[in-house]
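Undergrad: The following block contains the structure, expressed as structure tokens.
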Amino acid sequence: MIPELGHFALALACIIAVVQSVLPVVGAARGDARWMATAAPLALGLLLAVGTAFGSLLWAFAVNDTTVVNVVANSHSAKPLIYKLSGSWGNHEGSMVLWVLILALCGAAVALFGRDLPTALKARVIGVLGWVATGFLLFIIVTSNPFERVWPPPADGRGLNPVLQDPGLAMHPPTLYFGYVGYAVTFAFAIAALLEGRVDAAWGRWVRPWALGAWCFLTVGITMGSWWAYYELGWGGYWFWDPVENASLLPWLAGTALLHSSIVVEKRDTLKVWSVLLAILAFAMSLLGTFLVRSGVLNSVHAFANDPTRGVFILALLMIYVAGAFALFAWRAPRLTPTGIFAPISREGALVVNNLLLCSIAAVVLAGTLWPMFADILTGAKISVGPPFFNTATAPLAIPLVIAMPIGAMMPWKRGDIWAALQRLWWAAAAALLIGLLCLALAGYPVWPALGMAMATWLVVGAAADVADRIGLFRRPAQAWRRALGLPRAAWGAAIAHGALGISIAGIAGMGVATDTLVQLNPGQSTRLAGYEWRMDGLSDEAGPNYRARRATVTVLRDGAVVTVLHPERRTFIVDNQTTSEAAIHTNAMRDLYAVLGEERAGAAVLRLHHNPFAPWIWFGGLAMGFGGLLSLSDRRMRVAAPAPKGATVPA
């Protein structure tokens, strides 16, 4: 009965979404206050209906209802409860319901917390979100019903993919989806502004919190996914330029550009057309990621499905939303005239450079990701584009972007002096040069890792220099503490996020000098790697809640003293007889000692051993970036009413 309730709730949600996509938008066009007033109740009704559907799905997984096909395919009674629940979104059908639930939650948030929005703009934004919800609810009902029944029911389910049975991955998809769907709201604001014919400083104030919130969730989601791949897949890496990894990076790049350009719209009432375009592109990249994951057009360890019907449906949605948005943009954008004027050497100019470089990197990643598909279609050639291409093509764009970041933060609005900004950053430049030379001369780093460490230092010390300059640490040291307490949280958050990017870059540079070895050891034998002795002490059998494990005991010593004892495992899951590797990692925040157990050979263990300097900094930096964004979002200036709209309205 509960699955039928969920299915009915989905159908009801689709009807509500259709009405939500029509009444408020038509009411705004006609100036009908009663029709516009339906926007908020409809958004709340959509949330209630989709929430009921998702709750029904959770219940089916929690009680292991094997009359539901989705439960049979993705759950088992022997699984711990957390993996039963995460199994509800660890598959194609359930993940789409979660996607729409977050979309409905965002629409309800606009309805509840957008009291200061002009009535017509609010109605149009909620209406556009209804358009998006309608398409995806139809997609779920027509091609991806999560409540499909099976009869007679099997005795038990087939279980969740073993590599997904991990606490980190249980939270990775919801966090990532909050980022993806957050850009649906900025997209809705862009379409609403085009329909209304006005983009001004007030629009920038309303869009910026949503852009920042989506960016925070997407940053943390990507970080969690990278960390999961590092410790769960057993390959010792953090990023493989996999097509679906790239699909999450693309909206992050476009969203980062949007976040910075919306600041210019808010502060200087310029870059209006560009910001609207970025809002469309960020959501388009989110939809592209949805298409790549679910269509099967590209091979990826992340792919949910390989169903042409689903792929064609999502491709149709992508074409309707994106092509329609670009057509509207081409029609209305020429009328959005900027009013702010600025010199090329200014903070606005620096943010333009930031945007151009970010979008150039996104274009390179997009081309490299999609080219194998187009090459197959056009020529029949089976090619792959891997890390060598992406690393080589993005580095010349990423380096000037990193160099420009601290300089741009030091520039004043409207007109600046680049020499004055560089003078205030001299100690950041000196520190970067010193660290780079030390890495080359003393540590023996190759050129690229040494350059990465220099760039990381430039960002971290540059962020500190920005804060020191704002509080007058060297000009008025007696008042610095008081000024630091009065510094807006948005300024602290921006400095933390910029510095945290430097921390992640340092971790990436450290991985450039990581070492590893593949050895076969009998109990009692040892090998040496990176100045450590790795001794294989023995093998044992262990039992888990729904798996059997073969565990190795590896003692790591340095100068005869025990540093740590590692226990890498090979787990065989009972239900589906799949085997996974569980890496054992010991970290001291400066490096990781990493061991993976392979197949046994004549009683000997095959071990892959890694020494990864600064690896933890990759994820510390990613989480710190998310924290910096949330700190900025907590600034009261992000929550107060936007200034009254100004400027001429374009006739409809």
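Naming scheme: A, B, ... for chains in displayed order of the structure tokens; residues 1 onward per chain; ligands 1 onward as shown.
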Just the residues within 12 Å of Cys359 of chain A, please, counting only C-alpha atoms, with nothing from its chain fewer than 5 positions along; format it as a PyMOL selection string.
TA: chain A and resi 249-258+274+277-278+281-282+285+352-354+364-366+394+397-398+401
Undergrad: Could you tell me which of A:Gly94, A:Pro162, A:Gly524, A:Gly349 comes closest to Gly603 of chain A if we count only C-alpha atoms?
TA: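 The answer is A:Gly524, which sits nearest to Gly603 of chain A.
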Undergrad: Do you know which residues are at most 9 Å from segment 437-449 of chain A counting only C-alpha atoms, after dropping those on the same chain fewer than 4 positions away, and could you put them as a VMD selection string?
TA: chain A and resid 432 to 433 453 to 454 506 508 to 513
Undergrad: Hey, what's within 10 Å of Pro396 of chain A if we count only C-alpha atoms and toss same-chain stuff fewer than 4 positions away? As an MDAnalysis selection string, please?
TA: chainID A and resid 357 361 391:392 400:401
Undergrad: Would you mind exporting the chosen residues as a short mmCIF file (atom, residue, chain, number, x, y, z; two decimals), in the first residue's frame, restricted to N, CA, C and O atoms?
TA:
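Dumped to again-v8.cif:
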data_model
loop_
_atom_site.label_atom_id
_atom_site.label_comp_id
_atom_site.auth_asym_id
_atom_site.auth_seq_id
_atom_site.Cartn_x
_atom_site.Cartn_y
_atom_site.Cartn_z
N LEU A 357 38.87 33.10 -17.67
CA LEU A 357 39.75 31.94 -17.47
C LEU A 357 38.95 30.73 -16.99
O LEU A 357 39.19 29.60 -17.44
N ILE A 361 38.63 27.19 -19.05
CA ILE A 361 38.92 25.87 -18.49
C ILE A 361 37.71 24.95 -18.68
O ILE A 361 37.85 23.78 -19.06
N ASN A 391 45.47 17.59 -18.06
CA ASN A 391 46.50 18.27 -17.28
C ASN A 391 47.26 19.28 -18.13
O ASN A 391 47.54 20.41 -17.70
N THR A 392 47.61 18.88 -19.35
CA THR A 392 48.38 19.76 -20.23
C THR A 392 47.55 20.94 -20.72
O THR A 392 48.05 22.07 -20.82
N PRO A 400 47.60 31.36 -14.69
CA PRO A 400 47.28 32.79 -14.61
C PRO A 400 46.05 33.08 -13.74
O PRO A 400 45.96 34.14 -13.13
N LEU A 401 45.11 32.13 -13.68
CA LEU A 401 43.96 32.32 -12.80
C LEU A 401 44.39 32.41 -11.35
O LEU A 401 43.95 33.30 -10.60
#
Undergrad: Could you pull out the strand (DSSP E) residues of segment 340-532 of chain A, going by DSSP on the backbone, and write them as a PyMOL selection string?
TA: chain A and resi 515-521+526-529+532
Undergrad: Quick one: write out the picked residues with all heavy atoms as a compact mmCIF listing (two decimals), in the first residue's frame?
TA:
# COMPACT_ATOMS: atom_id res chain seq x y z
N THR A 515 55.11 8.25 -4.15
CA THR A 515 55.80 7.03 -4.60
C THR A 515 54.94 5.82 -4.24
O THR A 515 54.19 5.84 -3.27
CB THR A 515 57.18 6.89 -3.95
OG1 THR A 515 57.04 6.98 -2.52
CG2 THR A 515 58.11 7.98 -4.42
N ASP A 516 55.07 4.77 -5.04
CA ASP A 516 54.31 3.55 -4.76
C ASP A 516 55.09 2.36 -5.29
O ASP A 516 56.02 2.50 -6.11
CB ASP A 516 52.92 3.61 -5.39
CG ASP A 516 52.97 3.65 -6.91
OD1 ASP A 516 53.05 4.75 -7.49
OD2 ASP A 516 52.93 2.57 -7.53
N THR A 517 54.72 1.18 -4.83
CA THR A 517 55.35 -0.05 -5.28
C THR A 517 54.36 -1.19 -5.17
O THR A 517 53.43 -1.14 -4.36
CB THR A 517 56.60 -0.37 -4.43
OG1 THR A 517 57.26 -1.52 -4.96
CG2 THR A 517 56.23 -0.66 -2.98
N LEU A 518 54.53 -2.19 -6.02
CA LEU A 518 53.71 -3.40 -5.99
C LEU A 518 54.63 -4.56 -5.62
O LEU A 518 55.61 -4.83 -6.33
CB LEU A 518 53.07 -3.65 -7.36
CG LEU A 518 52.14 -4.86 -7.48
CD1 LEU A 518 50.90 -4.67 -6.61
CD2 LEU A 518 51.73 -5.09 -8.94
N VAL A 519 54.33 -5.21 -4.49
CA VAL A 519 55.23 -6.25 -3.98
C VAL A 519 54.42 -7.49 -3.61
O VAL A 519 53.22 -7.42 -3.35
CB VAL A 519 56.02 -5.77 -2.74
CG1 VAL A 519 56.97 -4.65 -3.11
CG2 VAL A 519 55.08 -5.33 -1.63
N GLN A 520 55.12 -8.62 -3.59
CA GLN A 520 54.54 -9.87 -3.10
C GLN A 520 55.35 -10.31 -1.90
O GLN A 520 56.56 -10.55 -1.99
CB GLN A 520 54.59 -10.94 -4.20
CG GLN A 520 54.02 -12.29 -3.77
CD GLN A 520 53.99 -13.28 -4.91
OE1 GLN A 520 53.62 -12.95 -6.03
NE2 GLN A 520 54.39 -14.52 -4.62
N LEU A 521 54.69 -10.41 -0.74
CA LEU A 521 55.40 -10.68 0.51
C LEU A 521 54.78 -11.87 1.23
O LEU A 521 53.55 -11.97 1.35
CB LEU A 521 55.35 -9.46 1.44
CG LEU A 521 55.98 -8.16 0.94
CD1 LEU A 521 55.74 -7.04 1.95
CD2 LEU A 521 57.47 -8.34 0.68
N SER A 526 59.61 -8.19 4.39
CA SER A 526 59.39 -6.74 4.38
C SER A 526 60.00 -6.13 3.14
O SER A 526 60.78 -6.76 2.42
CB SER A 526 59.99 -6.10 5.64
OG SER A 526 61.40 -6.29 5.67
N THR A 527 59.60 -4.88 2.87
CA THR A 527 60.16 -4.10 1.77
C THR A 527 60.31 -2.67 2.24
O THR A 527 59.79 -2.29 3.30
CB THR A 527 59.23 -4.16 0.54
OG1 THR A 527 59.86 -3.56 -0.58
CG2 THR A 527 57.91 -3.42 0.79
N ARG A 528 61.04 -1.86 1.47
CA ARG A 528 61.26 -0.47 1.84
C ARG A 528 60.65 0.45 0.79
O ARG A 528 60.71 0.19 -0.41
CB ARG A 528 62.74 -0.16 2.00
CG ARG A 528 63.43 -0.96 3.12
CD ARG A 528 64.79 -0.37 3.47
NE ARG A 528 64.68 0.95 4.07
CZ ARG A 528 64.41 1.19 5.36
NH1 ARG A 528 64.22 0.18 6.20
NH2 ARG A 528 64.34 2.43 5.82
N LEU A 529 60.05 1.54 1.29
CA LEU A 529 59.46 2.55 0.42
C LEU A 529 59.45 3.88 1.15
O LEU A 529 58.98 3.96 2.29
CB LEU A 529 58.02 2.16 0.02
CG LEU A 529 57.25 3.21 -0.81
CD1 LEU A 529 57.85 3.35 -2.20
CD2 LEU A 529 55.77 2.84 -0.89
N TYR A 532 60.57 4.12 4.76
CA TYR A 532 59.86 3.29 5.73
C TYR A 532 60.08 1.83 5.41
O TYR A 532 60.23 1.44 4.24
CB TYR A 532 58.35 3.58 5.70
CG TYR A 532 57.96 4.97 6.15
CD1 TYR A 532 57.89 6.02 5.24
CD2 TYR A 532 57.66 5.24 7.48
CE1 TYR A 532 57.53 7.29 5.63
CE2 TYR A 532 57.30 6.51 7.90
CZ TYR A 532 57.23 7.53 6.97
OH TYR A 532 56.88 8.79 7.36
Undergrad: Name the closest residue to Thr119 of chain A among the candidates A:Cys216, A:Ala480, A:Ala584, A:Ala192; distances are taken between atoms, counting only C-alpha atoms.
TA: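 Among the listed residues, the smallest separation from Thr119 of chain A belongs to A:Ala192.
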Undergrad: Between atom CA of Val556 of chain A and atom CA of Ala583 of chain A, what is the distance, to one decimal in Å?
TA: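 Going from atom CA of Val556 of chain A over to atom CA of Ala583 of chain A, I get 14.8 Å.
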Undergrad: Pick out the closest residue to Trp331 of chain A from this set: A:Val461, A:Ile191, A:Leu356, A:Val606. Count only C-alpha atoms.
TA: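 Answer, going by the shortest atom-to-atom distance: A:Ile191.
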Undergrad: Which neighbours of segment 164-177 of chain A fall inside 10 Å, counting only C-alpha atoms, when residues of the same chain fewer than 5 positions from it are skipped, and could you give them as a PyMOL selection string?
TA: chain A and resi 79-80+82-87+89-91+95-96+98-103+159+182-183+214-229+232+248+286
Undergrad: Of the candidates A:Ile407, A:Leu259, A:Leu434, A:Ala13, which shows the shortest atom-to-atom distance to Asn355 of chain A, using only C-alpha atoms?
TA: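 Smallest distance to Asn355 of chain A is found for A:Leu259.
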Undergrad: With only C-alpha atoms as the counted atoms, please give the residues lying no more than 12 Å from Glu600 of chain A, apart from itself and same-chain residues fewer than 5 positions off, as a list in words.
TA: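 Listed by chain and then number, they are Val519, Gln520, Leu521, Asn522, Pro523, Gly538, Leu539, Ser540, Arg550, Arg551, Ala552, Glu569, Arg570, Ala605, Val606 and Leu607 of chain A.
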Undergrad: Rank nothing, just name the residue among A:Val72, A:Ala468, A:Ala484, A:Ala184 nearest to Ala60 of chain A, using only C-alpha atoms.
TA: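 Looking only at the distances to Ala60 of chain A, the closest residue turns out to be A:Val72.
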Undergrad: For Ala497 of chain A, which residue among A:Phe620, A:Trp206, A:Trp131, A:Phe342 is the nearest when counting only C-alpha atoms?
TA: A:Phe620
Undergrad: Neighbours of Leu138 of chain A within 10 Å (only C-alpha atoms; same-chain residues fewer than 3 positions away dropped), as a VMD selection string?
TA: chain A and resid 10 to 11 13 to 15 133 to 135 141 to 145 313
Undergrad: For the residues in that selection, give me N, CA and C atoms as a PDB file, in the first residue's frame.
TA:
ATOM      1  N   LEU A  10       3.632  10.932  -6.645  1.00  0.00           N
ATOM      2  CA  LEU A  10       4.398  11.401  -7.805  1.00  0.00           C
ATOM      3  C   LEU A  10       3.467  11.950  -8.887  1.00  0.00           C
ATOM      4  N   ALA A  11       2.372  11.237  -9.154  1.00  0.00           N
ATOM      5  CA  ALA A  11       1.421  11.713 -10.165  1.00  0.00           C
ATOM      6  C   ALA A  11       0.807  13.042  -9.742  1.00  0.00           C
ATOM      7  N   ALA A  13       2.181  15.217  -7.727  1.00  0.00           N
ATOM      8  CA  ALA A  13       3.240  16.219  -7.831  1.00  0.00           C
ATOM      9  C   ALA A  13       3.380  16.719  -9.265  1.00  0.00           C
ATOM     10  N   CYS A  14       3.239  15.818 -10.226  1.00  0.00           N
ATOM     11  CA  CYS A  14       3.348  16.221 -11.632  1.00  0.00           C
ATOM     12  C   CYS A  14       2.233  17.186 -12.005  1.00  0.00           C
ATOM     13  N   ILE A  15       1.015  16.913 -11.534  1.00  0.00           N
ATOM     14  CA  ILE A  15      -0.112  17.812 -11.813  1.00  0.00           C
ATOM     15  C   ILE A  15       0.126  19.176 -11.180  1.00  0.00           C
ATOM     16  N   ALA A 133      10.540  21.101 -12.797  1.00  0.00           N
ATOM     17  CA  ALA A 133       9.985  19.965 -12.050  1.00  0.00           C
ATOM     18  C   ALA A 133       9.066  19.128 -12.924  1.00  0.00           C
ATOM     19  N   THR A 134       8.278  19.765 -13.766  1.00  0.00           N
ATOM     20  CA  THR A 134       7.360  19.025 -14.642  1.00  0.00           C
ATOM     21  C   THR A 134       8.124  18.051 -15.541  1.00  0.00           C
ATOM     22  N   GLY A 135       9.190  18.536 -16.167  1.00  0.00           N
ATOM     23  CA  GLY A 135       9.963  17.674 -17.056  1.00  0.00           C
ATOM     24  C   GLY A 135      10.537  16.470 -16.347  1.00  0.00           C
ATOM     25  N   ILE A 141       8.018   9.272 -14.029  1.00  0.00           N
ATOM     26  CA  ILE A 141       6.786   8.492 -14.179  1.00  0.00           C
ATOM     27  C   ILE A 141       6.806   7.645 -15.448  1.00  0.00           C
ATOM     28  N   VAL A 142       7.317   8.202 -16.540  1.00  0.00           N
ATOM     29  CA  VAL A 142       7.265   7.504 -17.827  1.00  0.00           C
ATOM     30  C   VAL A 142       8.369   6.466 -17.973  1.00  0.00           C
ATOM     31  N   THR A 143       9.591   6.776 -17.543  1.00  0.00           N
ATOM     32  CA  THR A 143      10.734   5.884 -17.818  1.00  0.00           C
ATOM     33  C   THR A 143      11.398   5.301 -16.579  1.00  0.00           C
ATOM     34  N   SER A 144      11.108   5.831 -15.377  1.00  0.00           N
ATOM     35  CA  SER A 144      11.928   5.462 -14.212  1.00  0.00           C
ATOM     36  C   SER A 144      11.081   5.324 -12.957  1.00  0.00           C
ATOM     37  N   ASN A 145      10.001   4.569 -13.050  1.00  0.00           N
ATOM     38  CA  ASN A 145       9.093   4.423 -11.905  1.00  0.00           C
ATOM     39  C   ASN A 145       9.796   3.698 -10.758  1.00  0.00           C
ATOM     40  N   PHE A 313      15.161  10.752 -23.473  1.00  0.00           N
ATOM     41  CA  PHE A 313      14.232  11.609 -22.736  1.00  0.00           C
ATOM     42  C   PHE A 313      14.988  12.763 -22.081  1.00  0.00           C
TER      43      PHE A 313
END
Undergrad: DSSP on the backbone: what in segment 224-284 of chain A comes out helix (DSSP H, G or I), as a PyMOL selection string?
TA: chain A and resi 224-232+243-268+272-284
